[in-house]
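This is structure11.cif (mmCIF, N, CA and C atoms).
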data_query
loop_
_atom_site.group_PDB
_atom_site.id
_atom_site.type_symbol
_atom_site.label_atom_id
_atom_site.label_comp_id
_atom_site.auth_asym_id
_atom_site.auth_seq_id
_atom_site.Cartn_x
_atom_site.Cartn_y
_atom_site.Cartn_z
ATOM 1 N N MET K 1 -3.643 -28.789 33.900
ATOM 2 C CA MET K 1 -4.863 -28.421 34.589
ATOM 3 C C MET K 1 -5.008 -29.329 35.809
ATOM 4 N N ARG K 2 -5.234 -28.732 36.949
ATOM 5 C CA ARG K 2 -5.438 -29.484 38.185
ATOM 6 C C ARG K 2 -6.918 -29.417 38.559
ATOM 7 N N ARG K 3 -7.481 -30.571 38.883
ATOM 8 C CA ARG K 3 -8.890 -30.654 39.282
ATOM 9 C C ARG K 3 -8.974 -31.433 40.584
ATOM 10 N N VAL K 4 -9.604 -30.831 41.585
ATOM 11 C CA VAL K 4 -9.680 -31.442 42.906
ATOM 12 C C VAL K 4 -11.099 -31.336 43.449
ATOM 13 N N LEU K 5 -11.559 -32.424 44.067
ATOM 14 C CA LEU K 5 -12.826 -32.463 44.772
ATOM 15 C C LEU K 5 -12.506 -32.734 46.240
ATOM 16 N N VAL K 6 -13.041 -31.902 47.127
ATOM 17 C CA VAL K 6 -12.833 -32.058 48.571
ATOM 18 C C VAL K 6 -14.192 -32.252 49.223
ATOM 19 N N ARG K 7 -14.255 -33.253 50.116
ATOM 20 C CA ARG K 7 -15.509 -33.534 50.815
ATOM 21 C C ARG K 7 -15.220 -33.670 52.305
ATOM 22 N N TYR K 8 -16.138 -33.138 53.146
ATOM 23 C CA TYR K 8 -16.005 -33.236 54.596
ATOM 24 C C TYR K 8 -17.358 -32.995 55.243
ATOM 25 N N LYS K 9 -17.425 -33.274 56.534
ATOM 26 C CA LYS K 9 -18.659 -33.091 57.294
ATOM 27 C C LYS K 9 -18.336 -32.324 58.563
ATOM 28 N N VAL K 10 -19.040 -31.223 58.788
ATOM 29 C CA VAL K 10 -18.830 -30.421 60.000
ATOM 30 C C VAL K 10 -19.828 -30.842 61.074
ATOM 31 N N THR K 11 -19.564 -30.436 62.303
ATOM 32 C CA THR K 11 -20.532 -30.687 63.365
ATOM 33 C C THR K 11 -21.713 -29.733 63.156
ATOM 34 N N ALA K 12 -22.887 -30.151 63.580
ATOM 35 C CA ALA K 12 -24.106 -29.370 63.330
ATOM 36 C C ALA K 12 -24.016 -27.961 63.902
ATOM 37 N N ASP K 13 -23.377 -27.811 65.052
ATOM 38 C CA ASP K 13 -23.292 -26.492 65.682
ATOM 39 C C ASP K 13 -22.291 -25.567 64.997
ATOM 40 N N ARG K 14 -21.524 -26.076 64.013
ATOM 41 C CA ARG K 14 -20.537 -25.244 63.321
ATOM 42 C C ARG K 14 -20.857 -25.067 61.833
ATOM 43 N N ALA K 15 -21.996 -25.594 61.390
ATOM 44 C CA ALA K 15 -22.345 -25.529 59.963
ATOM 45 C C ALA K 15 -22.507 -24.094 59.470
ATOM 46 N N ALA K 16 -23.198 -23.255 60.226
ATOM 47 C CA ALA K 16 -23.395 -21.860 59.810
ATOM 48 C C ALA K 16 -22.063 -21.118 59.761
ATOM 49 N N GLU K 17 -21.198 -21.376 60.724
ATOM 50 C CA GLU K 17 -19.867 -20.759 60.738
ATOM 51 C C GLU K 17 -19.075 -21.175 59.498
ATOM 52 N N ASN K 18 -19.126 -22.466 59.164
ATOM 53 C CA ASN K 18 -18.414 -22.961 57.991
ATOM 54 C C ASN K 18 -18.934 -22.292 56.724
ATOM 55 N N GLU K 19 -20.246 -22.176 56.626
ATOM 56 C CA GLU K 19 -20.844 -21.537 55.455
ATOM 57 C C GLU K 19 -20.445 -20.066 55.361
ATOM 58 N N ALA K 20 -20.335 -19.395 56.492
ATOM 59 C CA ALA K 20 -19.906 -17.984 56.496
ATOM 60 C C ALA K 20 -18.472 -17.858 55.979
ATOM 61 N N PHE K 21 -17.594 -18.779 56.377
ATOM 62 C CA PHE K 21 -16.224 -18.782 55.854
ATOM 63 C C PHE K 21 -16.232 -18.947 54.340
ATOM 64 N N ILE K 22 -17.051 -19.871 53.857
ATOM 65 C CA ILE K 22 -17.129 -20.121 52.411
ATOM 66 C C ILE K 22 -17.626 -18.879 51.669
ATOM 67 N N CYS K 23 -18.643 -18.232 52.196
ATOM 68 C CA CYS K 23 -19.164 -17.013 51.562
ATOM 69 C C CYS K 23 -18.103 -15.926 51.492
ATOM 70 N N ALA K 24 -17.265 -15.821 52.518
ATOM 71 C CA ALA K 24 -16.176 -14.837 52.516
ATOM 72 C C ALA K 24 -15.176 -15.144 51.400
ATOM 73 N N VAL K 25 -14.908 -16.423 51.169
ATOM 74 C CA VAL K 25 -14.009 -16.807 50.067
ATOM 75 C C VAL K 25 -14.596 -16.345 48.746
ATOM 76 N N PHE K 26 -15.887 -16.577 48.542
ATOM 77 C CA PHE K 26 -16.497 -16.180 47.272
ATOM 78 C C PHE K 26 -16.564 -14.666 47.101
ATOM 79 N N ARG K 27 -16.716 -13.931 48.190
ATOM 80 C CA ARG K 27 -16.662 -12.458 48.083
ATOM 81 C C ARG K 27 -15.272 -12.012 47.620
ATOM 82 N N GLU K 28 -14.221 -12.610 48.193
ATOM 83 C CA GLU K 28 -12.858 -12.251 47.768
ATOM 84 C C GLU K 28 -12.597 -12.686 46.333
ATOM 85 N N LEU K 29 -13.087 -13.853 45.952
ATOM 86 C CA LEU K 29 -12.917 -14.281 44.563
ATOM 87 C C LEU K 29 -13.578 -13.294 43.609
ATOM 88 N N ALA K 30 -14.755 -12.821 43.960
ATOM 89 C CA ALA K 30 -15.456 -11.850 43.106
ATOM 90 C C ALA K 30 -14.659 -10.565 42.959
ATOM 91 N N GLN K 31 -13.996 -10.142 44.035
ATOM 92 C CA GLN K 31 -13.182 -8.919 43.982
ATOM 93 C C GLN K 31 -11.894 -9.144 43.199
ATOM 94 N N ALA K 32 -11.221 -10.264 43.458
ATOM 95 C CA ALA K 32 -9.933 -10.538 42.808
ATOM 96 C C ALA K 32 -10.108 -10.956 41.355
ATOM 97 N N ALA K 33 -11.207 -11.631 41.047
ATOM 98 C CA ALA K 33 -11.534 -12.099 39.701
ATOM 99 C C ALA K 33 -10.390 -12.821 38.994
ATOM 100 N N PRO K 34 -9.803 -13.839 39.632
ATOM 101 C CA PRO K 34 -8.730 -14.573 38.950
ATOM 102 C C PRO K 34 -9.288 -15.345 37.755
ATOM 103 N N THR K 35 -8.506 -15.420 36.700
ATOM 104 C CA THR K 35 -8.963 -16.109 35.493
ATOM 105 C C THR K 35 -8.399 -17.520 35.381
ATOM 106 N N ASP K 36 -7.524 -17.900 36.301
ATOM 107 C CA ASP K 36 -6.882 -19.213 36.214
ATOM 108 C C ASP K 36 -7.540 -20.281 37.084
ATOM 109 N N VAL K 37 -8.677 -19.949 37.710
ATOM 110 C CA VAL K 37 -9.310 -20.899 38.616
ATOM 111 C C VAL K 37 -10.828 -20.881 38.452
ATOM 112 N N ARG K 38 -11.414 -22.064 38.573
ATOM 113 C CA ARG K 38 -12.873 -22.226 38.659
ATOM 114 C C ARG K 38 -13.122 -22.944 39.972
ATOM 115 N N TYR K 39 -14.141 -22.519 40.698
ATOM 116 C CA TYR K 39 -14.338 -23.054 42.043
ATOM 117 C C TYR K 39 -15.812 -23.027 42.396
ATOM 118 N N CYS K 40 -16.267 -24.096 43.010
ATOM 119 C CA CYS K 40 -17.635 -24.091 43.529
ATOM 120 C C CYS K 40 -17.660 -24.834 44.858
ATOM 121 N N SER K 41 -18.650 -24.513 45.640
ATOM 122 C CA SER K 41 -18.839 -25.138 46.938
ATOM 123 C C SER K 41 -20.294 -25.557 47.045
ATOM 124 N N LEU K 42 -20.514 -26.747 47.570
ATOM 125 C CA LEU K 42 -21.854 -27.290 47.684
ATOM 126 C C LEU K 42 -22.118 -27.713 49.124
ATOM 127 N N LYS K 43 -23.306 -27.402 49.614
ATOM 128 C CA LYS K 43 -23.755 -27.917 50.898
ATOM 129 C C LYS K 43 -24.762 -29.009 50.583
ATOM 130 N N LEU K 44 -24.536 -30.195 51.128
ATOM 131 C CA LEU K 44 -25.399 -31.321 50.826
ATOM 132 C C LEU K 44 -26.675 -31.284 51.658
ATOM 133 N N GLU K 45 -27.609 -32.129 51.308
ATOM 134 C CA GLU K 45 -28.942 -32.141 51.879
ATOM 135 C C GLU K 45 -28.960 -32.247 53.398
ATOM 136 N N ASP K 46 -27.985 -32.917 53.989
ATOM 137 C CA ASP K 46 -27.969 -33.072 55.449
ATOM 138 C C ASP K 46 -27.611 -31.777 56.175
ATOM 139 N N GLY K 47 -27.146 -30.764 55.434
ATOM 140 C CA GLY K 47 -26.835 -29.462 56.012
ATOM 141 C C GLY K 47 -25.487 -29.369 56.705
ATOM 142 N N VAL K 48 -24.760 -30.477 56.788
ATOM 143 C CA VAL K 48 -23.462 -30.478 57.471
ATOM 144 C C VAL K 48 -22.338 -31.063 56.617
ATOM 145 N N SER K 49 -22.680 -31.612 55.473
ATOM 146 C CA SER K 49 -21.676 -32.148 54.549
ATOM 147 C C SER K 49 -21.444 -31.135 53.435
ATOM 148 N N PHE K 50 -20.169 -30.923 53.116
ATOM 149 C CA PHE K 50 -19.796 -29.948 52.100
ATOM 150 C C PHE K 50 -18.883 -30.591 51.074
ATOM 151 N N VAL K 51 -19.005 -30.123 49.838
ATOM 152 C CA VAL K 51 -18.146 -30.554 48.740
ATOM 153 C C VAL K 51 -17.639 -29.295 48.047
ATOM 154 N N HIS K 52 -16.352 -29.276 47.756
ATOM 155 C CA HIS K 52 -15.743 -28.177 47.015
ATOM 156 C C HIS K 52 -15.106 -28.766 45.769
ATOM 157 N N ILE K 53 -15.277 -28.088 44.649
ATOM 158 C CA ILE K 53 -14.697 -28.527 43.388
ATOM 159 C C ILE K 53 -13.883 -27.371 42.824
ATOM 160 N N MET K 54 -12.625 -27.668 42.502
ATOM 161 C CA MET K 54 -11.738 -26.641 41.954
ATOM 162 C C MET K 54 -11.085 -27.161 40.683
ATOM 163 N N GLU K 55 -11.013 -26.296 39.705
ATOM 164 C CA GLU K 55 -10.252 -26.547 38.489
ATOM 165 C C GLU K 55 -9.324 -25.353 38.323
ATOM 166 N N ALA K 56 -8.041 -25.622 38.186
ATOM 167 C CA ALA K 56 -7.092 -24.506 38.121
ATOM 168 C C ALA K 56 -5.942 -24.811 37.180
ATOM 169 N N GLU K 57 -5.523 -23.786 36.493
ATOM 170 C CA GLU K 57 -4.288 -23.862 35.739
ATOM 171 C C GLU K 57 -3.171 -23.705 36.764
ATOM 172 N N GLY K 58 -2.189 -24.558 36.704
ATOM 173 C CA GLY K 58 -1.156 -24.521 37.742
ATOM 174 C C GLY K 58 -1.702 -25.153 39.009
ATOM 175 N N GLY K 59 -1.290 -24.661 40.151
ATOM 176 C CA GLY K 59 -1.670 -25.283 41.410
ATOM 177 C C GLY K 59 -2.896 -24.724 42.077
ATOM 178 N N GLY K 60 -3.490 -23.689 41.563
ATOM 179 C CA GLY K 60 -4.654 -23.082 42.193
ATOM 180 C C GLY K 60 -4.297 -22.005 43.193
ATOM 181 N N GLY K 61 -3.089 -21.472 43.089
ATOM 182 C CA GLY K 61 -2.598 -20.472 44.033
ATOM 183 C C GLY K 61 -3.436 -19.218 44.128
ATOM 184 N N SER K 62 -4.100 -18.826 43.047
ATOM 185 C CA SER K 62 -4.911 -17.610 43.121
ATOM 186 C C SER K 62 -6.105 -17.808 44.047
ATOM 187 N N LEU K 63 -6.487 -19.038 44.309
ATOM 188 C CA LEU K 63 -7.530 -19.337 45.287
ATOM 189 C C LEU K 63 -6.913 -19.537 46.673
ATOM 190 N N THR K 64 -5.950 -20.414 46.771
ATOM 191 C CA THR K 64 -5.410 -20.803 48.080
ATOM 192 C C THR K 64 -4.627 -19.692 48.771
ATOM 193 N N GLU K 65 -4.212 -18.684 48.030
ATOM 194 C CA GLU K 65 -3.480 -17.566 48.635
ATOM 195 C C GLU K 65 -4.397 -16.435 49.104
ATOM 196 N N LEU K 66 -5.681 -16.514 48.808
ATOM 197 C CA LEU K 66 -6.610 -15.484 49.285
ATOM 198 C C LEU K 66 -6.676 -15.503 50.814
ATOM 199 N N PRO K 67 -6.644 -14.342 51.464
ATOM 200 C CA PRO K 67 -6.758 -14.307 52.928
ATOM 201 C C PRO K 67 -7.999 -15.027 53.450
ATOM 202 N N ALA K 68 -9.126 -14.888 52.774
ATOM 203 C CA ALA K 68 -10.352 -15.550 53.228
ATOM 204 C C ALA K 68 -10.244 -17.063 53.114
ATOM 205 N N PHE K 69 -9.550 -17.557 52.088
ATOM 206 C CA PHE K 69 -9.375 -18.997 51.938
ATOM 207 C C PHE K 69 -8.451 -19.529 53.031
ATOM 208 N N LYS K 70 -7.405 -18.765 53.324
ATOM 209 C CA LYS K 70 -6.499 -19.167 54.408
ATOM 210 C C LYS K 70 -7.243 -19.202 55.743
ATOM 211 N N ALA K 71 -8.115 -18.229 55.989
ATOM 212 C CA ALA K 71 -8.902 -18.205 57.222
ATOM 213 C C ALA K 71 -9.866 -19.386 57.266
ATOM 214 N N PHE K 72 -10.481 -19.696 56.141
ATOM 215 C CA PHE K 72 -11.417 -20.810 56.042
ATOM 216 C C PHE K 72 -10.737 -22.142 56.367
ATOM 217 N N THR K 73 -9.551 -22.357 55.819
ATOM 218 C CA THR K 73 -8.886 -23.646 55.983
ATOM 219 C C THR K 73 -8.047 -23.753 57.253
ATOM 220 N N ALA K 74 -7.743 -22.622 57.898
ATOM 221 C CA ALA K 74 -6.815 -22.625 59.038
ATOM 222 C C ALA K 74 -7.210 -23.610 60.137
ATOM 223 N N LYS K 75 -8.455 -23.615 60.519
ATOM 224 C CA LYS K 75 -8.890 -24.484 61.616
ATOM 225 C C LYS K 75 -10.095 -25.330 61.208
ATOM 226 N N ILE K 76 -10.118 -25.728 59.949
ATOM 227 C CA ILE K 76 -11.280 -26.475 59.457
ATOM 228 C C ILE K 76 -11.459 -27.786 60.208
ATOM 229 N N ARG K 77 -10.377 -28.438 60.571
ATOM 230 C CA ARG K 77 -10.493 -29.724 61.274
ATOM 231 C C ARG K 77 -11.201 -29.566 62.622
ATOM 232 N N ASP K 78 -11.096 -28.387 63.233
ATOM 233 C CA ASP K 78 -11.791 -28.141 64.501
ATOM 234 C C ASP K 78 -13.309 -28.128 64.312
ATOM 235 N N ARG K 79 -13.759 -27.785 63.095
ATOM 236 C CA ARG K 79 -15.195 -27.732 62.810
ATOM 237 C C ARG K 79 -15.751 -29.068 62.331
ATOM 238 N N CYS K 80 -14.868 -30.021 62.048
ATOM 239 C CA CYS K 80 -15.283 -31.238 61.354
ATOM 240 C C CYS K 80 -15.622 -32.415 62.248
ATOM 241 N N GLU K 81 -16.649 -33.109 61.825
ATOM 242 C CA GLU K 81 -16.974 -34.427 62.357
ATOM 243 C C GLU K 81 -16.231 -35.477 61.528
ATOM 244 N N GLU K 82 -16.155 -35.240 60.209
ATOM 245 C CA GLU K 82 -15.369 -36.059 59.290
ATOM 246 C C GLU K 82 -14.409 -35.112 58.580
ATOM 247 N N PRO K 83 -13.097 -35.331 58.688
ATOM 248 C CA PRO K 83 -12.121 -34.399 58.125
ATOM 249 C C PRO K 83 -12.152 -34.363 56.591
ATOM 250 N N PRO K 84 -11.613 -33.298 56.014
ATOM 251 C CA PRO K 84 -11.588 -33.174 54.555
ATOM 252 C C PRO K 84 -10.763 -34.277 53.900
ATOM 253 N N THR K 85 -11.301 -34.787 52.803
ATOM 254 C CA THR K 85 -10.551 -35.694 51.942
ATOM 255 C C THR K 85 -10.540 -35.079 50.552
ATOM 256 N N ALA K 86 -9.371 -35.031 49.959
ATOM 257 C CA ALA K 86 -9.209 -34.441 48.632
ATOM 258 C C ALA K 86 -8.924 -35.542 47.618
ATOM 259 N N THR K 87 -9.566 -35.434 46.466
ATOM 260 C CA THR K 87 -9.396 -36.399 45.390
ATOM 261 C C THR K 87 -9.258 -35.645 44.079
ATOM 262 N N GLU K 88 -8.227 -35.964 43.325
ATOM 263 C CA GLU K 88 -8.124 -35.389 41.984
ATOM 264 C C GLU K 88 -9.072 -36.152 41.075
ATOM 265 N N PHE K 89 -9.634 -35.474 40.077
ATOM 266 C CA PHE K 89 -10.616 -36.106 39.201
ATOM 267 C C PHE K 89 -10.435 -35.654 37.763
ATOM 268 N N SER K 90 -11.069 -36.396 36.864
ATOM 269 C CA SER K 90 -11.118 -36.054 35.440
ATOM 270 C C SER K 90 -12.583 -35.947 35.045
ATOM 271 N N PRO K 91 -12.991 -34.820 34.503
ATOM 272 C CA PRO K 91 -14.398 -34.679 34.106
ATOM 273 C C PRO K 91 -14.728 -35.581 32.925
ATOM 274 N N VAL K 92 -15.936 -36.073 32.931
ATOM 275 C CA VAL K 92 -16.431 -36.896 31.844
ATOM 276 C C VAL K 92 -17.373 -36.071 30.966
ATOM 277 N N GLY K 93 -18.134 -35.206 31.586
ATOM 278 C CA GLY K 93 -19.039 -34.340 30.853
ATOM 279 C C GLY K 93 -19.639 -33.311 31.797
ATOM 280 N N ALA K 94 -20.115 -32.217 31.268
ATOM 281 C CA ALA K 94 -20.769 -31.176 32.053
ATOM 282 C C ALA K 94 -21.624 -30.347 31.105
ATOM 283 N N TYR K 95 -22.685 -29.815 31.652
ATOM 284 C CA TYR K 95 -23.538 -28.916 30.867
ATOM 285 C C TYR K 95 -24.059 -27.830 31.776
ATOM 286 N N ARG K 96 -23.647 -26.606 31.530
ATOM 287 C CA ARG K 96 -24.165 -25.438 32.256
ATOM 288 C C ARG K 96 -24.303 -25.730 33.741
ATOM 289 N N VAL K 97 -23.248 -26.077 34.355
ATOM 290 C CA VAL K 97 -23.204 -26.717 35.667
ATOM 291 C C VAL K 97 -24.135 -26.119 36.703
ATOM 292 N N PHE K 98 -23.997 -24.872 37.106
ATOM 293 C CA PHE K 98 -24.828 -24.318 38.182
ATOM 294 C C PHE K 98 -25.221 -22.875 37.880
ATOM 295 N N THR K 99 -26.311 -22.467 38.483
ATOM 296 C CA THR K 99 -26.685 -21.069 38.559
ATOM 297 C C THR K 99 -26.874 -20.762 40.031
ATOM 298 N N VAL K 100 -26.171 -19.765 40.522
ATOM 299 C CA VAL K 100 -26.252 -19.424 41.956
ATOM 300 C C VAL K 100 -26.959 -18.106 42.126
#
As a first step, turn the structure in this file into structure tokens.
Amino acid sequence: MRRVLVRYKVTADRAAENEAFICAVFRELAQAAPTDVRYCSLKLEDGVSFVHIMEAEGGGGSLTELPAFKAFTAKIRDRCEEPPTATEFSPVGAYRVFTV
């Protein structure tokens, strides 16, 4: 099982664009309905910092191979004030994590 947390900060004028890319990823995930990946995206209180959390069996290819995900990540550094940093993690506990 692979678990990754990614954090970055976009410029204020690109925050809505970044969020639109993320929403497109979730629309494709809903259509594809892969069973080997869990994924969430969070926008922090400042409105420009984002966190993504992925748990996947294998490498997470069912997420990263989606056209919308490729479009989202293609030029992400151009939108960023602080570039993405990825960290693998081990969960300690969770309870009914989110309702969207």
CA of Gly60 in chain K and atom N of Ser41 in chain K, how far apart in Å?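 We find that atom N of Ser41 in chain K and CA of Gly60 in chain K lie 14.5 Å from each other.
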Considering only C-alpha atoms, return as number ranges by chain whatever protein or nucleic-acid residues lie within 10 Å of Tyr8 in chain K, sequence-local ones (same chain, fewer than 3 positions apart) excluded. K: 48-52, 76-77, 79-86
Based on DSSP run over this structure's backbone, return all residues of chain K in alpha helix (DSSP H), as a ChimeraX atom specification. /K:15-32,61-64,67-74,76-79
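For the pair atom C of Ala16 in chain K and atom N of Phe69 in chain K, the separation is 15.1 Å.
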Taking the file above as input, evaluate the PyMOL selection byres ((chain K and resi 53) around 7) and report the hits as a list in words.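 Applying the PyMOL selection byres ((chain K and resi 53) around 7) to the structure shown produces Arg3, Val4, Leu5, Val6, Arg38, Tyr39, Cys40, Ser41, Leu42, Val51, His52, Met54 and Glu55 of chain K.
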Calculate how many Å separate CA of Glu28 in chain K from CA of Gly58 in chain K, rounding to one decimal. 19.7 Å
